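Colleague: Below you will find the structure I want to go over with you.
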Number of protein chains: 2
Amino acid sequence: MTKADAAMIRSLGDKRARTELGLFVAEGEKLVSELPGSGFRVRRLLVRDDSAVAGGFGVEAERVTAREMERISHLKTPQGALALVEIPRRRLPDAPGRELTLALDGVQDPGNLGTILRLADWFGIRDVLCSPQTADCFNPKVVQATMGAILRVRVHYCDLPRVLSGAGVPVYGTFLDGENIYGAGLGPSGIVAMGNEGNGITPGVAAAVTRRLYIPPYPPGRPSSESLNVAVATAIVCSEFRRRM
Amino acid sequence: MTKADAAMIRSLGDKRARTELGLFVAEGEKLVSELPGSGFRVRRLLVRDDSAVAGGFGVEAERVTAREMERISHLKTPQGALALVEIPRRRLPDAPGRELTLALDGVQDPGNLGTILRLADWFGIRDVLCSPQTADCFNPKVVQATMGAILRVRVHYCDLPRVLSGAGVPVYGTFLDGENIYGAGLGPSGIVAMGNEGNGITPGVAAAVTRRLYIPPYPPGRPSSESLNVAVATAIVCSEFRRRM
């Protein structure tokens, strides 16, 4: 492990370096061991002396010491394996929203984005559309928070107002003046738009929303300055779609 | 602002100092402005020159410069107001679970705990019981993530197995072999136990659970190594209780 190697791997914490190199970091033995068969291509695999991570990666594992792993890790508690993985080039789905799809309109916190990709995976949502203002899904903090879902859910950065308004499927969003979601009829297809942590849905995306929904607080109708975290709101909306199916 | 003042305020990032001094830090003009009338006692109020935070705190506001605020703040982006607030002494509710109550069995991530308190507030859950292994609700990161809910939801640290087994109300928990929550009959009272991020519910709490529930993935029954973030799972469970009421 050269100094330049370590600096390059550390630099992948920044989006600019990830874009330039076309690589992201996947850390932890559990996540790394899910790479073979995921469709992602591993460029380099760095494995600590005590790690049991086995083959199937298409590249030779490079042994590193505990100290070297500490130098390259993006985790507070470095683990036994770290892979440099190629960022896939993805085409937008042919018919976005034919299956239930999420659209993230400026979700900025990496933990929130990771949690949302993880719950999308749980609820069988395969495609997540993101506005360019949304956090980068290959940020190491996002990758970590997805708990492996980053290898299964396909994330597409795109012009949300354009894609949503041309989709020809119901586009859902949550608004204070929306319909109570618990009684709403919700079908198996459509796109659910979720907004930024502080500012909600942007005007361009709001204009493409065809069904306004509302998660009522309890007791209902109480005056409230409160709100829900965006990952929590996404979870409740997805749960409402899935319990009807 | 003396050096000792600044060091004392910074020290409140540690639980030991909070316990010793009986104080926690509330930051941000929105949160601070909700303190009057909340029942919490403000010991000191530090306000930046440009801040519009007004009176009603029972103490004189102390003006600080932007530079001083940066030195004492626990936030990445310091805001205009910071209060030192007395940690309340609370008695356990007389009849825990008579109203819907949460029990957190070792939730360790401050962001998760804050998000759970925020959603408890949204869903009208007034009491949250926590095992001593759960993160401290007065950790500055937790306070921040609650977005004000820390002033409304009452958090009680207690011996969960003892309190839950003696409560005389249904005690709910989520388990892989539980009943599908979407079809389950759920009443207006009871205690919902949620476990640690990695290890779930402890054996002592599991023994007190009387109703085992399950949030099914989609499609249902697929073999899965996936799971849900604990705040997300708590949100879905609370949403299922509240939509029936």
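In the structure tokens, the first chain shown is A, the next is B, and so on; residue numbers restart at 1 for each chain, and ligands run from 1 in the order shown.
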Using DSSP assignments from the backbone, pull out every residue in stretch 11-237 of chain B that falls under strand (DSSP E or B) and give it to me as a PyMOL selection string.
Modeller: chain B and resi 23-27+42-48+61-64+81-86+101-105+127-130+154-157+171-180+191-196+200+211-214
Colleague: Write out the residues from the selection above, keeping C-alpha atoms, as a PDB file, in the first residue's frame.
Modeller:
```pdb
ATOM      1  CA  LEU B  23     -27.797  20.384  32.528  1.00  0.00           C
ATOM      2  CA  PHE B  24     -28.158  19.840  28.807  1.00  0.00           C
ATOM      3  CA  VAL B  25     -27.667  22.077  25.774  1.00  0.00           C
ATOM      4  CA  ALA B  26     -30.552  23.248  23.575  1.00  0.00           C
ATOM      5  CA  GLU B  27     -29.422  25.038  20.423  1.00  0.00           C
ATOM      6  CA  VAL B  42     -33.458  27.520  31.533  1.00  0.00           C
ATOM      7  CA  ARG B  43     -30.328  28.124  33.617  1.00  0.00           C
ATOM      8  CA  ARG B  44     -28.439  30.261  31.097  1.00  0.00           C
ATOM      9  CA  LEU B  45     -29.269  31.722  27.722  1.00  0.00           C
ATOM     10  CA  LEU B  46     -26.527  32.732  25.290  1.00  0.00           C
ATOM     11  CA  VAL B  47     -27.570  34.785  22.324  1.00  0.00           C
ATOM     12  CA  ARG B  48     -25.536  35.988  19.373  1.00  0.00           C
ATOM     13  CA  ALA B  61     -29.913  36.673  27.895  1.00  0.00           C
ATOM     14  CA  GLU B  62     -26.116  36.909  27.722  1.00  0.00           C
ATOM     15  CA  ARG B  63     -24.840  38.393  24.476  1.00  0.00           C
ATOM     16  CA  VAL B  64     -22.027  36.518  22.748  1.00  0.00           C
ATOM     17  CA  ALA B  81     -29.095  30.974  20.424  1.00  0.00           C
ATOM     18  CA  LEU B  82     -27.945  28.353  22.920  1.00  0.00           C
ATOM     19  CA  ALA B  83     -29.586  27.558  26.247  1.00  0.00           C
ATOM     20  CA  LEU B  84     -28.364  25.545  29.197  1.00  0.00           C
ATOM     21  CA  VAL B  85     -31.425  23.705  30.414  1.00  0.00           C
ATOM     22  CA  GLU B  86     -31.988  21.758  33.630  1.00  0.00           C
ATOM     23  CA  THR B 101     -46.115   3.952  24.990  1.00  0.00           C
ATOM     24  CA  LEU B 102     -42.767   3.121  23.399  1.00  0.00           C
ATOM     25  CA  ALA B 103     -40.023   1.104  25.091  1.00  0.00           C
ATOM     26  CA  LEU B 104     -36.543   1.385  23.580  1.00  0.00           C
ATOM     27  CA  ASP B 105     -34.369  -1.583  24.403  1.00  0.00           C
ATOM     28  CA  ASP B 127     -44.023   8.599  27.281  1.00  0.00           C
ATOM     29  CA  VAL B 128     -40.995   6.710  26.025  1.00  0.00           C
ATOM     30  CA  LEU B 129     -39.366   4.160  28.321  1.00  0.00           C
ATOM     31  CA  CYS B 130     -35.677   3.452  27.714  1.00  0.00           C
ATOM     32  CA  ARG B 154     -41.240  12.407  28.357  1.00  0.00           C
ATOM     33  CA  VAL B 155     -38.332   9.997  28.357  1.00  0.00           C
ATOM     34  CA  HIS B 156     -37.849   7.638  31.312  1.00  0.00           C
ATOM     35  CA  TYR B 157     -34.774   5.467  31.843  1.00  0.00           C
ATOM     36  CA  VAL B 171     -46.551  -5.577  25.306  1.00  0.00           C
ATOM     37  CA  TYR B 172     -45.755  -5.628  21.573  1.00  0.00           C
ATOM     38  CA  GLY B 173     -42.489  -6.428  19.844  1.00  0.00           C
ATOM     39  CA  THR B 174     -41.462  -7.133  16.246  1.00  0.00           C
ATOM     40  CA  PHE B 175     -40.008 -10.549  15.463  1.00  0.00           C
ATOM     41  CA  LEU B 176     -39.463 -12.559  12.285  1.00  0.00           C
ATOM     42  CA  ASP B 177     -41.992 -15.141  13.491  1.00  0.00           C
ATOM     43  CA  GLY B 178     -44.596 -12.555  14.524  1.00  0.00           C
ATOM     44  CA  GLU B 179     -48.108 -11.924  13.239  1.00  0.00           C
ATOM     45  CA  ASN B 180     -48.417  -9.797  10.057  1.00  0.00           C
ATOM     46  CA  ILE B 191     -46.316  -0.769  25.134  1.00  0.00           C
ATOM     47  CA  VAL B 192     -44.336  -1.235  21.915  1.00  0.00           C
ATOM     48  CA  ALA B 193     -40.791  -2.505  22.489  1.00  0.00           C
ATOM     49  CA  MET B 194     -38.116  -1.767  19.873  1.00  0.00           C
ATOM     50  CA  GLY B 195     -34.629  -3.289  20.023  1.00  0.00           C
ATOM     51  CA  ASN B 196     -31.011  -2.410  19.401  1.00  0.00           C
ATOM     52  CA  GLY B 200     -32.731  -6.482  18.384  1.00  0.00           C
ATOM     53  CA  ARG B 211     -47.893  -9.905  21.227  1.00  0.00           C
ATOM     54  CA  ARG B 212     -45.290 -10.693  18.563  1.00  0.00           C
ATOM     55  CA  LEU B 213     -45.714  -8.646  15.387  1.00  0.00           C
ATOM     56  CA  TYR B 214     -43.978  -8.681  12.007  1.00  0.00           C
TER      57      TYR B 214
END
```
Colleague: Which polymer residues have any atom within 10 Å of an atom of B:Val153, counting only C-alpha atoms, with same-chain residues fewer than 3 positions away left out, as a list in words?
Modeller: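 The neighbour list is Leu117, Arg118, Leu119, Ala120, Asp121, Trp122, Gly124, Ile125, Arg126, Asp127, Val128, Thr146, Gly148, Ala149, Ile150 and His156 of chain B.
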Colleague: Name the residues of stretch 10-242 of chain A that fall into alpha helix (DSSP H) according to DSSP on the backbone, using the chain letters and numbers of this document, as a ChimeraX atom specification.
Modeller: /A:10-11,15-21,29-33,66-72,110-122,140-145,160-165,203-206,230-242
Colleague: So that I have them on file, write out the residues from the current selection with C-alpha atoms, as an mmCIF file, in the first residue's frame.
Modeller:
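Dumped to out.cif:
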```cif
data_model
loop_
_atom_site.group_PDB
_atom_site.id
_atom_site.type_symbol
_atom_site.label_atom_id
_atom_site.label_comp_id
_atom_site.auth_asym_id
_atom_site.auth_seq_id
_atom_site.Cartn_x
_atom_site.Cartn_y
_atom_site.Cartn_z
ATOM 1 C CA ARG A 10 -9.392 8.525 1.124
ATOM 2 C CA SER A 11 -10.236 10.965 -1.681
ATOM 3 C CA LYS A 15 -17.923 13.252 -5.026
ATOM 4 C CA ARG A 16 -15.517 14.974 -7.385
ATOM 5 C CA ALA A 17 -12.932 12.205 -6.967
ATOM 6 C CA ARG A 18 -15.575 9.497 -7.288
ATOM 7 C CA THR A 19 -16.783 11.009 -10.557
ATOM 8 C CA GLU A 20 -13.265 11.454 -11.895
ATOM 9 C CA LEU A 21 -12.170 7.925 -11.026
ATOM 10 C CA GLU A 29 -17.073 -7.897 5.342
ATOM 11 C CA LYS A 30 -20.833 -8.297 5.059
ATOM 12 C CA LEU A 31 -21.222 -5.683 2.321
ATOM 13 C CA VAL A 32 -18.064 -6.750 0.476
ATOM 14 C CA SER A 33 -19.100 -10.403 0.524
ATOM 15 C CA ALA A 66 -4.703 -3.187 10.591
ATOM 16 C CA ARG A 67 -2.808 0.079 10.540
ATOM 17 C CA GLU A 68 -3.099 0.426 6.773
ATOM 18 C CA MET A 69 -6.830 -0.309 6.956
ATOM 19 C CA GLU A 70 -7.211 2.479 9.499
ATOM 20 C CA ARG A 71 -5.515 4.848 7.099
ATOM 21 C CA ILE A 72 -7.821 4.107 4.169
ATOM 22 C CA PRO A 110 -26.517 10.936 3.680
ATOM 23 C CA GLY A 111 -28.051 8.994 6.590
ATOM 24 C CA ASN A 112 -31.551 9.778 5.376
ATOM 25 C CA LEU A 113 -30.721 8.777 1.797
ATOM 26 C CA GLY A 114 -29.126 5.510 2.947
ATOM 27 C CA THR A 115 -32.081 4.707 5.189
ATOM 28 C CA ILE A 116 -34.498 5.398 2.334
ATOM 29 C CA LEU A 117 -32.597 3.091 -0.066
ATOM 30 C CA ARG A 118 -32.622 0.402 2.636
ATOM 31 C CA LEU A 119 -36.383 0.650 3.120
ATOM 32 C CA ALA A 120 -36.933 0.773 -0.653
ATOM 33 C CA ASP A 121 -35.127 -2.567 -0.822
ATOM 34 C CA TRP A 122 -37.307 -3.959 1.997
ATOM 35 C CA PRO A 140 -19.434 6.318 1.819
ATOM 36 C CA LYS A 141 -21.911 7.357 4.538
ATOM 37 C CA VAL A 142 -24.838 6.590 2.251
ATOM 38 C CA VAL A 143 -23.369 3.257 1.151
ATOM 39 C CA GLN A 144 -22.920 2.312 4.822
ATOM 40 C CA ALA A 145 -26.431 3.350 5.855
ATOM 41 C CA LEU A 160 -37.221 15.020 -11.974
ATOM 42 C CA PRO A 161 -39.838 17.512 -13.239
ATOM 43 C CA ARG A 162 -39.290 16.308 -16.803
ATOM 44 C CA VAL A 163 -39.340 12.580 -15.989
ATOM 45 C CA LEU A 164 -42.301 12.835 -13.607
ATOM 46 C CA SER A 165 -44.477 14.964 -15.847
ATOM 47 C CA PRO A 203 -42.317 23.765 -7.245
ATOM 48 C CA GLY A 204 -41.272 21.935 -10.432
ATOM 49 C CA VAL A 205 -41.887 18.538 -8.873
ATOM 50 C CA ALA A 206 -45.051 19.700 -7.084
ATOM 51 C CA VAL A 230 -38.137 12.352 5.529
ATOM 52 C CA ALA A 231 -37.010 8.722 5.869
ATOM 53 C CA VAL A 232 -39.785 8.089 8.397
ATOM 54 C CA ALA A 233 -42.379 9.699 6.130
ATOM 55 C CA THR A 234 -41.117 7.657 3.160
ATOM 56 C CA ALA A 235 -41.398 4.491 5.246
ATOM 57 C CA ILE A 236 -44.998 5.201 6.214
ATOM 58 C CA VAL A 237 -45.985 5.994 2.625
ATOM 59 C CA CYS A 238 -44.304 2.840 1.254
ATOM 60 C CA SER A 239 -45.881 0.746 4.002
ATOM 61 C CA GLU A 240 -49.313 2.085 3.036
ATOM 62 C CA PHE A 241 -48.760 1.107 -0.603
ATOM 63 C CA ARG A 242 -47.538 -2.358 0.274
#
```
